[in-house]
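Enquirer: Mind looking over this structure? Questions follow.
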Amino acid sequence: MDLIAIVVTVCALAHPDQCEEQRLEYMWNGSLKQCAMTAQPYIAQWIGEHPKWSVKDYHCEYPHAKEKADARRAARPA
């Protein structure tokens, strides 16, 4: 099993232009596409715990994937 993140863009109900990303990380044994297809219950739980926010978008990604790719590029000889 690997760690995976559901990255959720949420906006405040009182200020719809005030948006931010929330990361819901958990252990997962599947693909990014499978994660996206099964993310709704996790997002619904987050919304239940944060009723002053609304979800605008979401996707799944592997945590720190961008940082790891940047580090690999930096380590390559020129």
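Ordering of the structure tokens sets the chain letters (A, B, ...); residue numbers start at 1 within each chain; ligands are numbered from 1 in the order shown.
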Write out as a PDB file with N, CA and C atoms, in the first residue's frame the set of residues from chain A that DSSP, computed on the backbone, places in strand (DSSP E).
Expert:
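Full text of part.pdb as output:
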ATOM      1  N   ASP A   2       0.393   2.250  -0.666  1.00  0.00           N
ATOM      2  CA  ASP A   2       1.102   3.513  -0.757  1.00  0.00           C
ATOM      3  C   ASP A   2       0.229   4.641  -0.232  1.00  0.00           C
ATOM      4  N   LEU A   3       0.869   5.725   0.113  1.00  0.00           N
ATOM      5  CA  LEU A   3       0.146   6.914   0.522  1.00  0.00           C
ATOM      6  C   LEU A   3      -0.367   7.624  -0.723  1.00  0.00           C
ATOM      7  N   ILE A   4      -1.603   8.102  -0.664  1.00  0.00           N
ATOM      8  CA  ILE A   4      -2.203   8.839  -1.773  1.00  0.00           C
ATOM      9  C   ILE A   4      -2.932  10.038  -1.189  1.00  0.00           C
ATOM     10  N   ALA A   5      -3.091  11.079  -1.976  1.00  0.00           N
ATOM     11  CA  ALA A   5      -3.778  12.281  -1.504  1.00  0.00           C
ATOM     12  C   ALA A   5      -4.937  12.624  -2.432  1.00  0.00           C
ATOM     13  N   ILE A   6      -6.069  12.935  -1.810  1.00  0.00           N
ATOM     14  CA  ILE A   6      -7.166  13.554  -2.539  1.00  0.00           C
ATOM     15  C   ILE A   6      -6.980  15.044  -2.317  1.00  0.00           C
ATOM     16  N   VAL A   7      -6.714  15.768  -3.384  1.00  0.00           N
ATOM     17  CA  VAL A   7      -6.505  17.211  -3.298  1.00  0.00           C
ATOM     18  C   VAL A   7      -7.834  17.868  -3.648  1.00  0.00           C
ATOM     19  N   VAL A   8      -8.424  18.544  -2.670  1.00  0.00           N
ATOM     20  CA  VAL A   8      -9.754  19.112  -2.810  1.00  0.00           C
ATOM     21  C   VAL A   8      -9.656  20.629  -2.808  1.00  0.00           C
ATOM     22  N   THR A   9     -10.207  21.268  -3.844  1.00  0.00           N
ATOM     23  CA  THR A   9     -10.308  22.731  -3.854  1.00  0.00           C
ATOM     24  C   THR A   9     -11.628  23.095  -3.219  1.00  0.00           C
ATOM     25  N   VAL A  10     -11.553  23.848  -2.117  1.00  0.00           N
ATOM     26  CA  VAL A  10     -12.748  24.238  -1.381  1.00  0.00           C
ATOM     27  C   VAL A  10     -12.821  25.755  -1.300  1.00  0.00           C
ATOM     28  N   CYS A  11     -14.058  26.264  -1.255  1.00  0.00           N
ATOM     29  CA  CYS A  11     -14.281  27.704  -1.147  1.00  0.00           C
ATOM     30  C   CYS A  11     -15.224  27.971   0.016  1.00  0.00           C
ATOM     31  N   ALA A  12     -14.990  29.076   0.710  1.00  0.00           N
ATOM     32  CA  ALA A  12     -15.833  29.446   1.843  1.00  0.00           C
ATOM     33  C   ALA A  12     -17.220  29.816   1.339  1.00  0.00           C
ATOM     34  N   CYS A  19     -10.783  30.669  -1.778  1.00  0.00           N
ATOM     35  CA  CYS A  19     -10.629  29.228  -2.009  1.00  0.00           C
ATOM     36  C   CYS A  19      -9.241  28.773  -1.575  1.00  0.00           C
ATOM     37  N   GLU A  20      -9.148  27.502  -1.269  1.00  0.00           N
ATOM     38  CA  GLU A  20      -7.871  26.916  -0.891  1.00  0.00           C
ATOM     39  C   GLU A  20      -7.898  25.424  -1.190  1.00  0.00           C
ATOM     40  N   GLU A  21      -6.718  24.814  -1.147  1.00  0.00           N
ATOM     41  CA  GLU A  21      -6.619  23.374  -1.340  1.00  0.00           C
ATOM     42  C   GLU A  21      -6.506  22.684   0.003  1.00  0.00           C
ATOM     43  N   GLN A  22      -7.213  21.586   0.133  1.00  0.00           N
ATOM     44  CA  GLN A  22      -7.092  20.713   1.294  1.00  0.00           C
ATOM     45  C   GLN A  22      -6.621  19.359   0.786  1.00  0.00           C
ATOM     46  N   ARG A  23      -5.729  18.746   1.531  1.00  0.00           N
ATOM     47  CA  ARG A  23      -5.179  17.445   1.145  1.00  0.00           C
ATOM     48  C   ARG A  23      -5.642  16.388   2.138  1.00  0.00           C
ATOM     49  N   LEU A  24      -6.323  15.380   1.627  1.00  0.00           N
ATOM     50  CA  LEU A  24      -6.785  14.259   2.439  1.00  0.00           C
ATOM     51  C   LEU A  24      -5.898  13.072   2.093  1.00  0.00           C
ATOM     52  N   GLU A  25      -4.983  12.715   2.968  1.00  0.00           N
ATOM     53  CA  GLU A  25      -4.027  11.649   2.678  1.00  0.00           C
ATOM     54  C   GLU A  25      -4.416  10.372   3.414  1.00  0.00           C
ATOM     55  N   TYR A  26      -4.247   9.247   2.737  1.00  0.00           N
ATOM     56  CA  TYR A  26      -4.540   7.953   3.333  1.00  0.00           C
ATOM     57  C   TYR A  26      -3.822   6.864   2.556  1.00  0.00           C
ATOM     58  N   MET A  27      -3.788   5.670   3.141  1.00  0.00           N
ATOM     59  CA  MET A  27      -3.135   4.534   2.491  1.00  0.00           C
ATOM     60  C   MET A  27      -4.049   4.001   1.396  1.00  0.00           C
ATOM     61  N   TRP A  28      -3.458   3.656   0.253  1.00  0.00           N
ATOM     62  CA  TRP A  28      -4.236   3.263  -0.913  1.00  0.00           C
ATOM     63  C   TRP A  28      -3.494   2.194  -1.681  1.00  0.00           C
ATOM     64  N   TRP A  53     -17.697  25.332   4.175  1.00  0.00           N
ATOM     65  CA  TRP A  53     -16.919  25.255   2.933  1.00  0.00           C
ATOM     66  C   TRP A  53     -17.683  24.434   1.905  1.00  0.00           C
ATOM     67  N   SER A  54     -17.436  24.720   0.630  1.00  0.00           N
ATOM     68  CA  SER A  54     -18.011  23.913  -0.453  1.00  0.00           C
ATOM     69  C   SER A  54     -16.887  23.444  -1.372  1.00  0.00           C
ATOM     70  N   VAL A  55     -17.064  22.275  -1.947  1.00  0.00           N
ATOM     71  CA  VAL A  55     -16.050  21.688  -2.838  1.00  0.00           C
ATOM     72  C   VAL A  55     -16.272  22.190  -4.255  1.00  0.00           C
ATOM     73  N   LYS A  56     -15.206  22.665  -4.873  1.00  0.00           N
ATOM     74  CA  LYS A  56     -15.262  23.129  -6.261  1.00  0.00           C
ATOM     75  C   LYS A  56     -14.631  22.137  -7.222  1.00  0.00           C
ATOM     76  N   ASP A  57     -13.631  21.397  -6.755  1.00  0.00           N
ATOM     77  CA  ASP A  57     -12.916  20.468  -7.634  1.00  0.00           C
ATOM     78  C   ASP A  57     -12.090  19.518  -6.762  1.00  0.00           C
ATOM     79  N   TYR A  58     -11.676  18.398  -7.336  1.00  0.00           N
ATOM     80  CA  TYR A  58     -10.781  17.485  -6.630  1.00  0.00           C
ATOM     81  C   TYR A  58     -10.048  16.615  -7.640  1.00  0.00           C
ATOM     82  N   HIS A  59      -8.922  16.091  -7.200  1.00  0.00           N
ATOM     83  CA  HIS A  59      -8.177  15.096  -7.970  1.00  0.00           C
ATOM     84  C   HIS A  59      -7.298  14.320  -6.991  1.00  0.00           C
ATOM     85  N   CYS A  60      -6.769  13.217  -7.459  1.00  0.00           N
ATOM     86  CA  CYS A  60      -5.878  12.405  -6.640  1.00  0.00           C
ATOM     87  C   CYS A  60      -4.458  12.533  -7.157  1.00  0.00           C
ATOM     88  N   GLU A  61      -3.517  12.452  -6.234  1.00  0.00           N
ATOM     89  CA  GLU A  61      -2.106  12.470  -6.621  1.00  0.00           C
ATOM     90  C   GLU A  61      -1.300  11.749  -5.550  1.00  0.00           C
TER      91      GLU A  61
END
Enquirer: Enumerate, as an MDAnalysis selection string, the complete set of residues in chain A that a backbone-based DSSP assignment places in alpha helix (DSSP H).
Expert: chainID A and resid 32:37 40:49 65:75
Enquirer: Restricting the output to N, CA and C atoms, write the selected residues as a PDB file, in the first residue's frame.
Expert:
ATOM      1  N   LEU A  32      -4.442   6.130  -9.550  1.00  0.00           N
ATOM      2  CA  LEU A  32      -4.980   7.475  -9.348  1.00  0.00           C
ATOM      3  C   LEU A  32      -6.421   7.561  -9.846  1.00  0.00           C
ATOM      4  N   LYS A  33      -6.702   6.898 -10.958  1.00  0.00           N
ATOM      5  CA  LYS A  33      -8.065   6.917 -11.507  1.00  0.00           C
ATOM      6  C   LYS A  33      -9.037   6.230 -10.545  1.00  0.00           C
ATOM      7  N   GLN A  34      -8.635   5.101  -9.983  1.00  0.00           N
ATOM      8  CA  GLN A  34      -9.484   4.419  -9.012  1.00  0.00           C
ATOM      9  C   GLN A  34      -9.710   5.287  -7.781  1.00  0.00           C
ATOM     10  N   CYS A  35      -8.684   5.994  -7.364  1.00  0.00           N
ATOM     11  CA  CYS A  35      -8.806   6.905  -6.229  1.00  0.00           C
ATOM     12  C   CYS A  35      -9.865   7.967  -6.527  1.00  0.00           C
ATOM     13  N   ALA A  36      -9.775   8.590  -7.696  1.00  0.00           N
ATOM     14  CA  ALA A  36     -10.728   9.637  -8.063  1.00  0.00           C
ATOM     15  C   ALA A  36     -12.162   9.098  -8.115  1.00  0.00           C
ATOM     16  N   MET A  37     -12.312   7.846  -8.542  1.00  0.00           N
ATOM     17  CA  MET A  37     -13.646   7.261  -8.656  1.00  0.00           C
ATOM     18  C   MET A  37     -14.239   6.909  -7.293  1.00  0.00           C
ATOM     19  N   GLN A  40     -15.468  10.251  -3.328  1.00  0.00           N
ATOM     20  CA  GLN A  40     -16.635  10.976  -2.818  1.00  0.00           C
ATOM     21  C   GLN A  40     -16.937  10.748  -1.341  1.00  0.00           C
ATOM     22  N   PRO A  41     -16.889   9.528  -0.819  1.00  0.00           N
ATOM     23  CA  PRO A  41     -17.185   9.365   0.615  1.00  0.00           C
ATOM     24  C   PRO A  41     -16.207  10.120   1.521  1.00  0.00           C
ATOM     25  N   TYR A  42     -14.935  10.169   1.137  1.00  0.00           N
ATOM     26  CA  TYR A  42     -13.934  10.890   1.921  1.00  0.00           C
ATOM     27  C   TYR A  42     -14.195  12.393   1.863  1.00  0.00           C
ATOM     28  N   ILE A  43     -14.561  12.874   0.670  1.00  0.00           N
ATOM     29  CA  ILE A  43     -14.880  14.294   0.509  1.00  0.00           C
ATOM     30  C   ILE A  43     -16.149  14.632   1.288  1.00  0.00           C
ATOM     31  N   ALA A  44     -17.147  13.758   1.239  1.00  0.00           N
ATOM     32  CA  ALA A  44     -18.398  13.989   1.975  1.00  0.00           C
ATOM     33  C   ALA A  44     -18.123  14.055   3.482  1.00  0.00           C
ATOM     34  N   GLN A  45     -17.258  13.213   3.962  1.00  0.00           N
ATOM     35  CA  GLN A  45     -16.905  13.245   5.385  1.00  0.00           C
ATOM     36  C   GLN A  45     -16.256  14.585   5.731  1.00  0.00           C
ATOM     37  N   TRP A  46     -15.331  15.054   4.870  1.00  0.00           N
ATOM     38  CA  TRP A  46     -14.663  16.332   5.123  1.00  0.00           C
ATOM     39  C   TRP A  46     -15.687  17.463   5.148  1.00  0.00           C
ATOM     40  N   ILE A  47     -16.622  17.464   4.187  1.00  0.00           N
ATOM     41  CA  ILE A  47     -17.659  18.504   4.131  1.00  0.00           C
ATOM     42  C   ILE A  47     -18.525  18.458   5.396  1.00  0.00           C
ATOM     43  N   GLY A  48     -18.849  17.268   5.868  1.00  0.00           N
ATOM     44  CA  GLY A  48     -19.625  17.134   7.098  1.00  0.00           C
ATOM     45  C   GLY A  48     -18.915  17.738   8.300  1.00  0.00           C
ATOM     46  N   GLU A  49     -17.591  17.663   8.295  1.00  0.00           N
ATOM     47  CA  GLU A  49     -16.796  18.209   9.391  1.00  0.00           C
ATOM     48  C   GLU A  49     -16.485  19.693   9.205  1.00  0.00           C
ATOM     49  N   ALA A  65       5.064  13.915  -5.149  1.00  0.00           N
ATOM     50  CA  ALA A  65       5.507  13.460  -6.473  1.00  0.00           C
ATOM     51  C   ALA A  65       6.256  14.568  -7.203  1.00  0.00           C
ATOM     52  N   LYS A  66       5.757  15.800  -7.131  1.00  0.00           N
ATOM     53  CA  LYS A  66       6.409  16.918  -7.811  1.00  0.00           C
ATOM     54  C   LYS A  66       7.792  17.186  -7.209  1.00  0.00           C
ATOM     55  N   GLU A  67       7.897  17.174  -5.885  1.00  0.00           N
ATOM     56  CA  GLU A  67       9.180  17.419  -5.234  1.00  0.00           C
ATOM     57  C   GLU A  67      10.198  16.344  -5.598  1.00  0.00           C
ATOM     58  N   LYS A  68       9.750  15.079  -5.661  1.00  0.00           N
ATOM     59  CA  LYS A  68      10.649  13.987  -6.028  1.00  0.00           C
ATOM     60  C   LYS A  68      11.140  14.148  -7.464  1.00  0.00           C
ATOM     61  N   ALA A  69      10.241  14.532  -8.382  1.00  0.00           N
ATOM     62  CA  ALA A  69      10.628  14.727  -9.782  1.00  0.00           C
ATOM     63  C   ALA A  69      11.614  15.882  -9.896  1.00  0.00           C
ATOM     64  N   ASP A  70      11.371  16.972  -9.169  1.00  0.00           N
ATOM     65  CA  ASP A  70      12.287  18.122  -9.200  1.00  0.00           C
ATOM     66  C   ASP A  70      13.662  17.730  -8.675  1.00  0.00           C
ATOM     67  N   ALA A  71      13.700  16.924  -7.616  1.00  0.00           N
ATOM     68  CA  ALA A  71      14.972  16.485  -7.043  1.00  0.00           C
ATOM     69  C   ALA A  71      15.737  15.597  -8.019  1.00  0.00           C
ATOM     70  N   ARG A  72      15.026  14.719  -8.727  1.00  0.00           N
ATOM     71  CA  ARG A  72      15.694  13.859  -9.715  1.00  0.00           C
ATOM     72  C   ARG A  72      16.289  14.698 -10.843  1.00  0.00           C
ATOM     73  N   ARG A  73      15.535  15.698 -11.304  1.00  0.00           N
ATOM     74  CA  ARG A  73      16.054  16.567 -12.374  1.00  0.00           C
ATOM     75  C   ARG A  73      17.279  17.336 -11.905  1.00  0.00           C
ATOM     76  N   ALA A  74      17.265  17.823 -10.686  1.00  0.00           N
ATOM     77  CA  ALA A  74      18.372  18.592 -10.146  1.00  0.00           C
ATOM     78  C   ALA A  74      19.615  17.722  -9.969  1.00  0.00           C
ATOM     79  N   ALA A  75      19.439  16.436  -9.715  1.00  0.00           N
ATOM     80  CA  ALA A  75      20.563  15.534  -9.479  1.00  0.00           C
ATOM     81  C   ALA A  75      21.240  15.060 -10.765  1.00  0.00           C
TER      82      ALA A  75
END
